[in-house]
Amino acid sequence: MIHIFDGATGTMLQKSVLKPGMCPELLNIEAPEAIQNVHRAYVEAGSNIVETNTFGASRIKLNEYNLGDKVEAINIAAVKNAKIATDGKAKVAGSMGPTGAFIEPLGELTFDEVYENYYEQAKILADAGVDYILIETCIEIQEMRAALLAAKDACDLPVICQLSFSEDGRTVTGTDPQSAAIILEAMGADIIGANCSLGPEQLVPIIKELADNCSCPISVQANAGMPHLENGQTIFPLTPEDMAKWAPKLIEAGATYIGGCCGTTPAHIKAIKEALTDVSEPIRKAPNPNLALASRSKTVFIGKNLPTRLIGERINPTGRKKLAEEIKNGSFISVKREAIEQTQAGAQILDVNMGVAGIDQAKAMHKAITEISQLVNTPLAIDTSDVKALEAGLKAYPGRALINSVSAEPDRLKYFIPLAKRYGAAILCLPLSDEGIPKTAKERLALAQKIIAEAKAHGLKDNDFLLDALVMTIAADKNACNEVLNTLKLYREHIGAPSTMGLSNISFGLPNRPLINSTFFTMCLAMGLDAPIMNPYDDSMQNALSASNALLAKDPNGRDYSLNHSGQNIPVAKAKNAVSSGDIIEDIKSAIISGEKESIAQMVEQALNEGHKPNEITDKALSAAMNVVGKDFGAKKIFLPQVMLSAEAMREAFIKIKERIPADSVSNKGTIVIATVKGDIHDLGKNIVSALLENNGFKVIDLGKDIDKEEIIKAAIDNKADMIGLCSLMTTTITQIDEVIAELNKSDYSTKVMIGGAVVTQEYADNIGADAYAPDGVEAVEIAKKLINK
């Protein structure tokens, strides 16, 4: 069945009772008839699902209007209005929009704070009688994860998860539709989709990618095209007839829930419904059957017909005193460096272990997962026997992790499997029991089957498992190798899930271990090993993998093997230990690019002690590094989390320079006053721009949100600002930018003006006389440098 959502509420209310600066959700109490009229119009147009007017009715959002004490009253009134208007003719979806802030480390909110915010609202909506919980317009997967967990805990209603994607097909923080679908389905989302930001044409490929990567129903609510300004008014260009033409294509792409977002009206919904009168549900192909792990911005599949996936083992303090000591002292420099270098060396998954005696492993795991996931897009395996550390890692990870490992021991089955289900993780099945280590392949198969049966009883599926063949040393058991090979064979025959193992155990206690390890490796690959856990810097293992892939048809015609061994490609293992170039300026530049904020201050101090001038460090290391970061961001090689991490490292460098050198000897890049305009309470984008500008050496006077024109101009004059930065995210407040510029022109003060925000365009900037339009934070920094040019 195809379900028809309603369209925009805010733009409908703007035509009647909603004035700039008002809280739209308060109208549920103060103007219930107006809300009911909007709902009723959509039902009459053909909607069989309407959304409550509660998009911004969570406590965090209502606090922006000093209405936090009215969370319950507003949400209950909204549901009542929807039910009165629909009169049983349509289902009601309880809408929950984004908080407008990021979860740490990108922002200041904790995961638990966001969870509690959504739990409260979802519980109120469910108790008031909605039929669905709709989490919509999220631009960050971690916030969606917190909201989804909260909604599932608060009630047993179907939960719809809709992300907002940009024109590049990713969310603001870099999540692609494939990774989003895999992460959210594993966590229990009932319906997955996209809304806002884009028109229907741009959403067709996104909907298809979502549909191809999950088995959930798919929803879509497009804007009425990409907005532009005409005579000071925001215009959404697509007519009802235009939207109707795209509706069948969205259904064909995989959607069965369809409606409208910004700019759509009852006329648009009526046209969509009529266009779908004779359209059948889409025929969807089955999603990829292989095991999938995902980071915030990348998915890796593991399976018997796929290339071998290398799991890097180096983020593990066992037997590594220096790494253990660093972790114990709260330093994660080596942990982060290992993450970068293992990824460069070809690891497609990174194993993370914080097993240091005498520390709070949960705290350490949370820190490690948070830092690594911001730094690289390689999916992670959380390696721990501590249930608290496991949950801390799973909660902090903005993706779909692998749990390493779940054995058949009673406590592991009891505590680890429910966490896997709750956080949508896959599990590495380790064939151990409370009776000890099974020696034979048949015993290992039986234990793996026991673990899988228990996991399936909790809701896990066939493609949620990675099977460990359990490697022991041949120095203690002459049959150790043969039993591993037999185990791999039995796993393939009786279970079919992909397999893994820690390879180096086989040679423990023997001389020339690399020879034993690489020979054993090739034997295991031939028997079906899919994802070895190994040191990616080991040349002998990398060579064995390269040759085996060619021989086993996983490298067609030996193409990669030929490139690697003919001198055309540098072997990936050689990426290890490019830590110091011998040139401190280049080392600082590299540290900024990789976001090594813990070590950057010491490096800057070394450069100053060696006689390098502050301006030399700033220009040749710091600015040069951020130029590289900006180019990589523009080319979509990195995403906002990595940019923010580099900016934080740069800020630490500036702090150290200012500590050592008088302020007047450090180049001043300029002073910028920045604000979100009057009537607009959104400041997420503005905060990102502000942080990036400040971390790049500008003095930023951040006035906040909902700031009137007089205050902005006064701040610019008082601080002798070289530039004003203005932000608007709402169609109703964009014209406030015009008024600020007009006020500036009336004054005797002259300065540059840069504008940005979701509804702002280059055309608008040109029309109103702004000096520049910045589409994102990275570009804003480059524009500021050019405009101010100090």
# chains A, B, ... in the order shown; residues from 1 in each chain; ligands from 1

$ select_by_dssp --residues "stretch 282-399 of chain A" --states "helix (DSSP H, G or I)" --output "ChimeraX atom specification"
/A:321-328,333-344,361-375,387-396

$ residues_around --residues "stretch 95-103 of chain A" --least-positions-apart "2" --cutoff "9 Å" --atoms "only C-alpha atoms" --output "MDAnalysis selection string"
chainID A and resid 51:61 93 105:111 113:114 117:118 121:122 125 132:140 142:144 147 682:685

$ closest_atom_pairs --of "stretch 324-422 of chain A" --to "stretch 596-618 of chain A" --cutoff "12 Å" --atoms "only C-alpha atoms" --output "tab-separated table"
residue	atom	partner	partner_atom	distance
A:Glu326	CA	A:Glu598	CA	11.8
A:Gly330	CA	A:Glu598	CA	10.4
A:Ser331	CA	A:Glu598	CA	7.7
A:Phe332	CA	A:Glu598	CA	7.9
A:Ile333	CA	A:Glu598	CA	6.5
A:Ser334	CA	A:Glu596	CA	9.8
A:Val335	CA	A:Glu596	CA	10.7
A:Lys336	CA	A:Glu596	CA	7.8
A:Arg337	CA	A:Glu596	CA	8.2
A:Glu338	CA	A:Glu596	CA	11.9
A:Ala339	CA	A:Glu596	CA	11.8
A:Ile340	CA	A:Glu596	CA	10.6
A:Glu371	CA	A:Glu596	CA	10.1
A:Ile372	CA	A:Glu596	CA	11.1
A:Gln374	CA	A:Glu596	CA	11.5
A:Leu375	CA	A:Glu596	CA	9.4

$ residues_around --residues "stretch 451-459 of chain A" --least-positions-apart "5" --cutoff "7 Å" --atoms "only C-alpha atoms" --output "PyMOL selection string"
chain A and resi 407-408+417-418+421+429

$ write_last_selection --atoms "N, CA, C and O atoms" --output "compact mmCIF listing (two decimals), in the first residue's frame"
# COMPACT_ATOMS: atom_id res chain seq x y z
N SER A 407 31.32 -14.92 23.17
CA SER A 407 31.59 -16.35 23.32
C SER A 407 30.33 -17.06 23.81
O SER A 407 29.30 -16.43 24.01
N ALA A 408 30.43 -18.36 24.00
CA ALA A 408 29.30 -19.14 24.51
C ALA A 408 29.27 -19.19 26.03
O ALA A 408 28.48 -19.94 26.62
N ILE A 417 24.83 -9.93 23.94
CA ILE A 417 23.88 -10.04 22.82
C ILE A 417 22.78 -8.98 22.90
O ILE A 417 22.46 -8.35 21.88
N PRO A 418 22.18 -8.73 24.06
CA PRO A 418 21.18 -7.65 24.12
C PRO A 418 21.76 -6.28 23.73
O PRO A 418 21.06 -5.46 23.12
N LYS A 421 21.89 -6.10 19.95
CA LYS A 421 20.57 -5.81 19.39
C LYS A 421 20.19 -4.35 19.61
O LYS A 421 19.69 -3.68 18.68
N CYS A 429 31.64 -14.13 16.66
CA CYS A 429 31.33 -15.31 17.47
C CYS A 429 32.62 -16.07 17.78
O CYS A 429 33.28 -16.59 16.87

$ residues_around --residues "stretch 390-405 of chain A" --least-positions-apart "2" --cutoff "9 Å" --atoms "only C-alpha atoms" --output "number ranges by chain"
A: 111, 140-143, 145-146, 179-180, 182-184, 186-187, 292-299, 351, 362-370, 373, 379-388, 407, 412, 416, 419-420, 423-430, 465-466, 468

$ atom_distance --atom1 "atom CA of A:Arg40" --atom2 "atom CA of A:Pro266"
9.5 Å

$ residues_around --residues "A:Gly756" --least-positions-apart "3" --cutoff "7 Å" --atoms "only C-alpha atoms" --output "PyMOL selection string"
chain A and resi 726-728+760+773-775

$ closest_residue --among "A:Met22, A:Ile4, A:Ala73, A:Leu238" --to "A:Asn48" --atoms "only C-alpha atoms"
A:Ile4

$ atom_distance --atom1 "atom CA of A:Ala621" --atom2 "atom CA of A:Ser646"
12.3 Å

$ residues_around --residues "A:Asp680" --least-positions-apart "3" --cutoff "12 Å" --atoms "only C-alpha atoms" --output "JSON list (two decimals) with all heavy atoms, in the first residue's frame"
[["chain", "number", "residue", "atom", "x", "y", "z"],
["A", 19, "LYS", "N", 3.90, 34.61, 12.99],
["A", 19, "LYS", "CA", 4.68, 35.81, 12.72],
["A", 19, "LYS", "C", 6.16, 35.53, 13.01],
["A", 19, "LYS", "O", 6.49, 34.62, 13.80],
["A", 19, "LYS", "CB", 4.20, 36.97, 13.58],
["A", 19, "LYS", "CG", 2.72, 37.27, 13.44],
["A", 19, "LYS", "CD", 2.31, 37.58, 12.02],
["A", 19, "LYS", "CE", 0.81, 37.85, 11.90],
["A", 19, "LYS", "NZ", 0.39, 38.01, 10.49],
["A", 20, "PRO", "N", 7.08, 36.28, 12.40],
["A", 20, "PRO", "CA", 8.51, 36.09, 12.66],
["A", 20, "PRO", "C", 8.83, 36.15, 14.15],
["A", 20, "PRO", "O", 8.34, 37.02, 14.87],
["A", 20, "PRO", "CB", 9.16, 37.26, 11.90],
["A", 20, "PRO", "CG", 8.20, 37.57, 10.80],
["A", 20, "PRO", "CD", 6.83, 37.34, 11.39],
["A", 21, "GLY", "N", 9.63, 35.19, 14.60],
["A", 21, "GLY", "CA", 10.04, 35.15, 16.00],
["A", 21, "GLY", "C", 9.11, 34.38, 16.90],
["A", 21, "GLY", "O", 9.45, 34.12, 18.06],
["A", 22, "MET", "N", 7.90, 34.01, 16.41],
["A", 22, "MET", "CA", 6.95, 33.25, 17.24],
["A", 22, "MET", "C", 7.36, 31.79, 17.29],
["A", 22, "MET", "O", 8.02, 31.27, 16.40],
["A", 22, "MET", "CB", 5.54, 33.35, 16.66],
["A", 22, "MET", "CG", 4.88, 34.71, 16.80],
["A", 22, "MET", "SD", 3.21, 34.73, 16.05],
["A", 22, "MET", "CE", 2.36, 33.55, 17.10],
["A", 23, "CYS", "N", 6.95, 31.12, 18.35],
["A", 23, "CYS", "CA", 7.14, 29.68, 18.47],
["A", 23, "CYS", "C", 5.99, 28.97, 17.77],
["A", 23, "CYS", "O", 4.84, 29.05, 18.23],
["A", 23, "CYS", "CB", 7.19, 29.26, 19.94],
["A", 23, "CYS", "SG", 7.24, 27.47, 20.18],
["A", 64, "GLU", "N", 14.56, 27.41, 23.94],
["A", 64, "GLU", "CA", 15.00, 28.57, 23.19],
["A", 64, "GLU", "C", 13.96, 29.69, 23.22],
["A", 64, "GLU", "O", 14.27, 30.85, 22.97],
["A", 64, "GLU", "CB", 15.32, 28.17, 21.74],
["A", 64, "GLU", "CG", 16.49, 27.19, 21.65],
["A", 64, "GLU", "CD", 16.73, 26.70, 20.23],
["A", 64, "GLU", "OE1", 15.92, 27.03, 19.34],
["A", 64, "GLU", "OE2", 17.72, 25.99, 20.02],
["A", 65, "TYR", "N", 12.71, 29.32, 23.48],
["A", 65, "TYR", "CA", 11.63, 30.31, 23.62],
["A", 65, "TYR", "C", 11.22, 30.49, 25.10],
["A", 65, "TYR", "O", 10.19, 31.09, 25.39],
["A", 65, "TYR", "CB", 10.40, 29.85, 22.84],
["A", 65, "TYR", "CG", 10.56, 29.80, 21.35],
["A", 65, "TYR", "CD1", 10.83, 28.60, 20.71],
["A", 65, "TYR", "CD2", 10.42, 30.95, 20.58],
["A", 65, "TYR", "CE1", 10.96, 28.55, 19.31],
["A", 65, "TYR", "CE2", 10.55, 30.90, 19.19],
["A", 65, "TYR", "CZ", 10.82, 29.70, 18.57],
["A", 65, "TYR", "OH", 10.95, 29.64, 17.20],
["A", 100, "GLY", "N", 18.98, 21.02, 16.90],
["A", 100, "GLY", "CA", 19.68, 22.22, 16.44],
["A", 100, "GLY", "C", 21.08, 22.33, 16.97],
["A", 100, "GLY", "O", 21.76, 23.34, 16.79],
["A", 675, "ALA", "N", 26.38, 36.63, 13.51],
["A", 675, "ALA", "CA", 25.09, 36.50, 14.20],
["A", 675, "ALA", "C", 24.06, 35.82, 13.30],
["A", 675, "ALA", "O", 24.15, 35.90, 12.07],
["A", 675, "ALA", "CB", 24.58, 37.87, 14.62],
["A", 676, "THR", "N", 23.09, 35.16, 13.93],
["A", 676, "THR", "CA", 21.88, 34.73, 13.24],
["A", 676, "THR", "C", 20.87, 35.86, 13.39],
["A", 676, "THR", "O", 20.70, 36.42, 14.48],
["A", 676, "THR", "CB", 21.31, 33.43, 13.86],
["A", 676, "THR", "OG1", 22.31, 32.41, 13.79],
["A", 676, "THR", "CG2", 20.07, 32.97, 13.12],
["A", 677, "VAL", "N", 20.20, 36.22, 12.31],
["A", 677, "VAL", "CA", 19.39, 37.44, 12.26],
["A", 677, "VAL", "C", 18.13, 37.35, 13.12],
["A", 677, "VAL", "O", 17.73, 36.27, 13.57],
["A", 677, "VAL", "CB", 19.01, 37.78, 10.81],
["A", 677, "VAL", "CG1", 20.25, 38.11, 10.00],
["A", 677, "VAL", "CG2", 18.22, 36.64, 10.16],
["A", 683, "ASP", "N", 21.04, 28.12, 15.16],
["A", 683, "ASP", "CA", 22.43, 28.60, 15.19],
["A", 683, "ASP", "C", 23.46, 27.51, 14.98],
["A", 683, "ASP", "O", 24.65, 27.72, 15.18],
["A", 683, "ASP", "CB", 22.71, 29.34, 16.50],
["A", 683, "ASP", "CG", 22.60, 28.45, 17.73],
["A", 683, "ASP", "OD1", 22.20, 27.27, 17.59],
["A", 683, "ASP", "OD2", 22.91, 28.93, 18.83],
["A", 684, "LEU", "N", 23.03, 26.32, 14.55],
["A", 684, "LEU", "CA", 23.98, 25.22, 14.38],
["A", 684, "LEU", "C", 25.03, 25.57, 13.32],
["A", 684, "LEU", "O", 26.23, 25.48, 13.54],
["A", 684, "LEU", "CB", 23.23, 23.94, 13.99],
["A", 684, "LEU", "CG", 24.09, 22.70, 13.78],
["A", 684, "LEU", "CD1", 24.91, 22.37, 15.01],
["A", 684, "LEU", "CD2", 23.21, 21.51, 13.41],
["A", 686, "LYS", "N", 25.74, 28.52, 12.08],
["A", 686, "LYS", "CA", 26.50, 29.71, 12.50],
["A", 686, "LYS", "C", 27.59, 29.33, 13.50],
["A", 686, "LYS", "O", 28.72, 29.84, 13.44],
["A", 686, "LYS", "CB", 25.53, 30.73, 13.11],
["A", 686, "LYS", "CG", 26.15, 32.06, 13.51],
["A", 686, "LYS", "CD", 26.56, 32.10, 14.96],
["A", 686, "LYS", "CE", 25.37, 31.91, 15.89],
["A", 686, "LYS", "NZ", 25.81, 31.81, 17.30],
["A", 704, "GLY", "N", 25.35, 35.46, 18.76],
["A", 704, "GLY", "CA", 24.32, 34.46, 19.02],
["A", 704, "GLY", "C", 23.23, 34.47, 17.97],
["A", 704, "GLY", "O", 23.45, 34.78, 16.80],
["A", 705, "LYS", "N", 22.00, 34.16, 18.40],
["A", 705, "LYS", "CA", 20.87, 34.03, 17.48],
["A", 705, "LYS", "C", 19.78, 35.04, 17.83],
["A", 705, "LYS", "O", 19.77, 35.60, 18.92],
["A", 705, "LYS", "CB", 20.31, 32.61, 17.54],
["A", 705, "LYS", "CG", 19.87, 32.20, 18.94],
["A", 705, "LYS", "CD", 19.77, 30.69, 19.06],
["A", 705, "LYS", "CE", 19.47, 30.31, 20.50],
["A", 705, "LYS", "NZ", 19.56, 28.87, 20.74],
["A", 706, "ASP", "N", 18.88, 35.26, 16.86],
["A", 706, "ASP", "CA", 17.75, 36.18, 17.06],
["A", 706, "ASP", "C", 18.25, 37.58, 17.43],
["A", 706, "ASP", "O", 17.79, 38.17, 18.40],
["A", 706, "ASP", "CB", 16.81, 35.61, 18.13],
["A", 706, "ASP", "CG", 15.49, 36.37, 18.22],
["A", 706, "ASP", "OD1", 15.13, 37.04, 17.23],
["A", 706, "ASP", "OD2", 14.83, 36.29, 19.27],
["A", 707, "ILE", "N", 19.19, 38.11, 16.65],
["A", 707, "ILE", "CA", 19.82, 39.40, 16.96],
["A", 707, "ILE", "C", 19.30, 40.48, 16.01],
["A", 707, "ILE", "O", 19.31, 40.29, 14.78],
["A", 707, "ILE", "CB", 21.36, 39.30, 16.83],
["A", 707, "ILE", "CG1", 21.89, 38.12, 17.67],
["A", 707, "ILE", "CG2", 22.01, 40.61, 17.25],
["A", 707, "ILE", "CD1", 21.62, 38.22, 19.15],
["A", 708, "ASP", "N", 18.87, 41.60, 16.56],
["A", 708, "ASP", "CA", 18.31, 42.65, 15.70],
["A", 708, "ASP", "C", 19.42, 43.45, 15.02],
["A", 708, "ASP", "O", 20.58, 43.42, 15.43],
["A", 708, "ASP", "CB", 17.35, 43.56, 16.46],
["A", 708, "ASP", "CG", 18.01, 44.29, 17.61],
["A", 708, "ASP", "OD1", 19.13, 44.80, 17.43],
["A", 708, "ASP", "OD2", 17.40, 44.35, 18.69],
["A", 726, "LEU", "N", 26.42, 37.05, 8.55],
["A", 726, "LEU", "CA", 24.99, 36.95, 8.86],
["A", 726, "LEU", "C", 24.46, 35.59, 8.41],
["A", 726, "LEU", "O", 24.77, 35.12, 7.31],
["A", 726, "LEU", "CB", 24.21, 38.06, 8.16],
["A", 726, "LEU", "CG", 24.62, 39.50, 8.50],
["A", 726, "LEU", "CD1", 23.88, 40.48, 7.60],
["A", 726, "LEU", "CD2", 24.36, 39.79, 9.98],
["A", 727, "CYS", "N", 23.59, 35.01, 9.25],
["A", 727, "CYS", "CA", 23.04, 33.70, 8.96],
["A", 727, "CYS", "C", 21.53, 33.71, 9.08],
["A", 727, "CYS", "O", 20.98, 34.33, 10.00],
["A", 727, "CYS", "CB", 23.62, 32.66, 9.92],
["A", 727, "CYS", "SG", 22.95, 31.00, 9.74],
["A", 728, "SER", "N", 20.85, 33.01, 8.16],
["A", 728, "SER", "CA", 19.41, 32.81, 8.24],
["A", 728, "SER", "C", 19.09, 31.41, 7.71],
["A", 728, "SER", "O", 19.52, 31.05, 6.62],
["A", 728, "SER", "CB", 18.64, 33.86, 7.44],
["A", 728, "SER", "OG", 17.26, 33.53, 7.40],
["A", 729, "LEU", "N", 18.34, 30.67, 8.49],
["A", 729, "LEU", "CA", 17.95, 29.33, 8.07],
["A", 729, "LEU", "C", 16.47, 29.24, 7.75],
["A", 729, "LEU", "O", 15.98, 28.19, 7.33],
["A", 729, "LEU", "CB", 18.29, 28.29, 9.14],
["A", 729, "LEU", "CG", 19.73, 27.77, 9.08],
["A", 729, "LEU", "CD1", 20.67, 28.73, 9.79],
["A", 729, "LEU", "CD2", 19.84, 26.39, 9.70],
["A", 730, "MET", "N", 15.73, 30.31, 7.97],
["A", 730, "MET", "CA", 14.28, 30.26, 7.79],
["A", 730, "MET", "C", 13.85, 31.18, 6.64],
["A", 730, "MET", "O", 14.36, 32.28, 6.48],
["A", 730, "MET", "CB", 13.57, 30.68, 9.08],
["A", 730, "MET", "CG", 13.82, 29.76, 10.26],
["A", 730, "MET", "SD", 13.21, 30.46, 11.82],
["A", 730, "MET", "CE", 11.45, 30.53, 11.49],
["A", 731, "THR", "N", 12.88, 30.73, 5.88],
["A", 731, "THR", "CA", 12.36, 31.54, 4.78],
["A", 731, "THR", "C", 11.71, 32.82, 5.28],
["A", 731, "THR", "O", 11.67, 33.83, 4.59],
["A", 731, "THR", "CB", 11.34, 30.74, 3.96],
["A", 731, "THR", "OG1", 10.27, 30.32, 4.82],
["A", 731, "THR", "CG2", 11.97, 29.53, 3.32],
["A", 732, "THR", "N", 11.21, 32.77, 6.52],
["A", 732, "THR", "CA", 10.50, 33.94, 7.07],
["A", 732, "THR", "C", 11.46, 35.01, 7.59],
["A", 732, "THR", "O", 11.05, 36.14, 7.84],
["A", 732, "THR", "CB", 9.58, 33.51, 8.21],
["A", 732, "THR", "OG1", 10.34, 32.78, 9.16],
["A", 732, "THR", "CG2", 8.44, 32.67, 7.69],
["A", 733, "THR", "N", 12.74, 34.66, 7.77],
["A", 733, "THR", "CA", 13.67, 35.62, 8.36],
["A", 733, "THR", "C", 14.78, 36.06, 7.41],
["A", 733, "THR", "O", 15.58, 36.91, 7.76],
["A", 733, "THR", "CB", 14.32, 35.04, 9.64],
["A", 733, "THR", "OG1", 15.04, 33.84, 9.29],
["A", 733, "THR", "CG2", 13.27, 34.72, 10.67],
["A", 734, "ILE", "N", 14.80, 35.49, 6.23],
["A", 734, "ILE", "CA", 15.91, 35.81, 5.32],
["A", 734, "ILE", "C", 15.96, 37.29, 4.98],
["A", 734, "ILE", "O", 17.03, 37.88, 4.81],
["A", 734, "ILE", "CB", 15.83, 34.94, 4.04],
["A", 734, "ILE", "CG1", 17.09, 35.14, 3.19],
["A", 734, "ILE", "CG2", 14.57, 35.25, 3.24],
["A", 734, "ILE", "CD1", 17.20, 34.19, 2.03],
["A", 735, "THR", "N", 14.79, 37.94, 4.91],
["A", 735, "THR", "CA", 14.78, 39.37, 4.56],
["A", 735, "THR", "C", 15.38, 40.24, 5.65],
["A", 735, "THR", "O", 15.65, 41.42, 5.41],
["A", 735, "THR", "CB", 13.35, 39.84, 4.25],
["A", 735, "THR", "OG1", 12.49, 39.50, 5.35],
["A", 735, "THR", "CG2", 12.82, 39.16, 2.99],
["A", 736, "GLN", "N", 15.57, 39.67, 6.85],
["A", 736, "GLN", "CA", 16.26, 40.43, 7.90],
["A", 736, "GLN", "C", 17.70, 40.73, 7.50],
["A", 736, "GLN", "O", 18.28, 41.73, 7.96],
["A", 736, "GLN", "CB", 16.24, 39.65, 9.22],
["A", 736, "GLN", "CG", 14.86, 39.53, 9.86],
["A", 736, "GLN", "CD", 14.36, 40.85, 10.40],
["A", 736, "GLN", "OE1", 15.12, 41.61, 11.01],
["A", 736, "GLN", "NE2", 13.10, 41.16, 10.15],
["A", 737, "ILE", "N", 18.27, 39.89, 6.65],
["A", 737, "ILE", "CA", 19.62, 40.15, 6.15],
["A", 737, "ILE", "C", 19.63, 41.45, 5.35],
["A", 737, "ILE", "O", 20.54, 42.29, 5.49],
["A", 737, "ILE", "CB", 20.13, 38.97, 5.30],
["A", 737, "ILE", "CG1", 20.28, 37.70, 6.15],
["A", 737, "ILE", "CG2", 21.47, 39.31, 4.64],
["A", 737, "ILE", "CD1", 20.72, 36.48, 5.38],
["A", 757, "GLY", "N", 23.48, 30.29, 5.11],
["A", 757, "GLY", "CA", 22.32, 29.65, 5.74],
["A", 757, "GLY", "C", 21.56, 28.81, 4.74],
["A", 757, "GLY", "O", 21.75, 28.92, 3.52],
["A", 758, "ALA", "N", 20.69, 27.97, 5.24],
["A", 758, "ALA", "CA", 20.01, 26.99, 4.41],
["A", 758, "ALA", "C", 19.21, 27.61, 3.27],
["A", 758, "ALA", "O", 19.10, 27.02, 2.19],
["A", 758, "ALA", "CB", 19.09, 26.13, 5.28],
["A", 759, "VAL", "N", 18.61, 28.78, 3.50],
["A", 759, "VAL", "CA", 17.75, 29.38, 2.47],
["A", 759, "VAL", "C", 18.47, 30.44, 1.65],
["A", 759, "VAL", "O", 17.89, 31.05, 0.76],
["A", 759, "VAL", "CB", 16.49, 29.99, 3.11],
["A", 759, "VAL", "CG1", 15.64, 28.91, 3.76],
["A", 759, "VAL", "CG2", 16.85, 31.07, 4.13]]

$ atom_distance --atom1 "atom CA of A:Ala476" --atom2 "atom CA of A:Asn535"
23.0 Å

$ select_by_dssp --residues "stretch 466-526 of chain A" --states "strand (DSSP E)" --output "ChimeraX atom specification"
/A:466-468,499-502
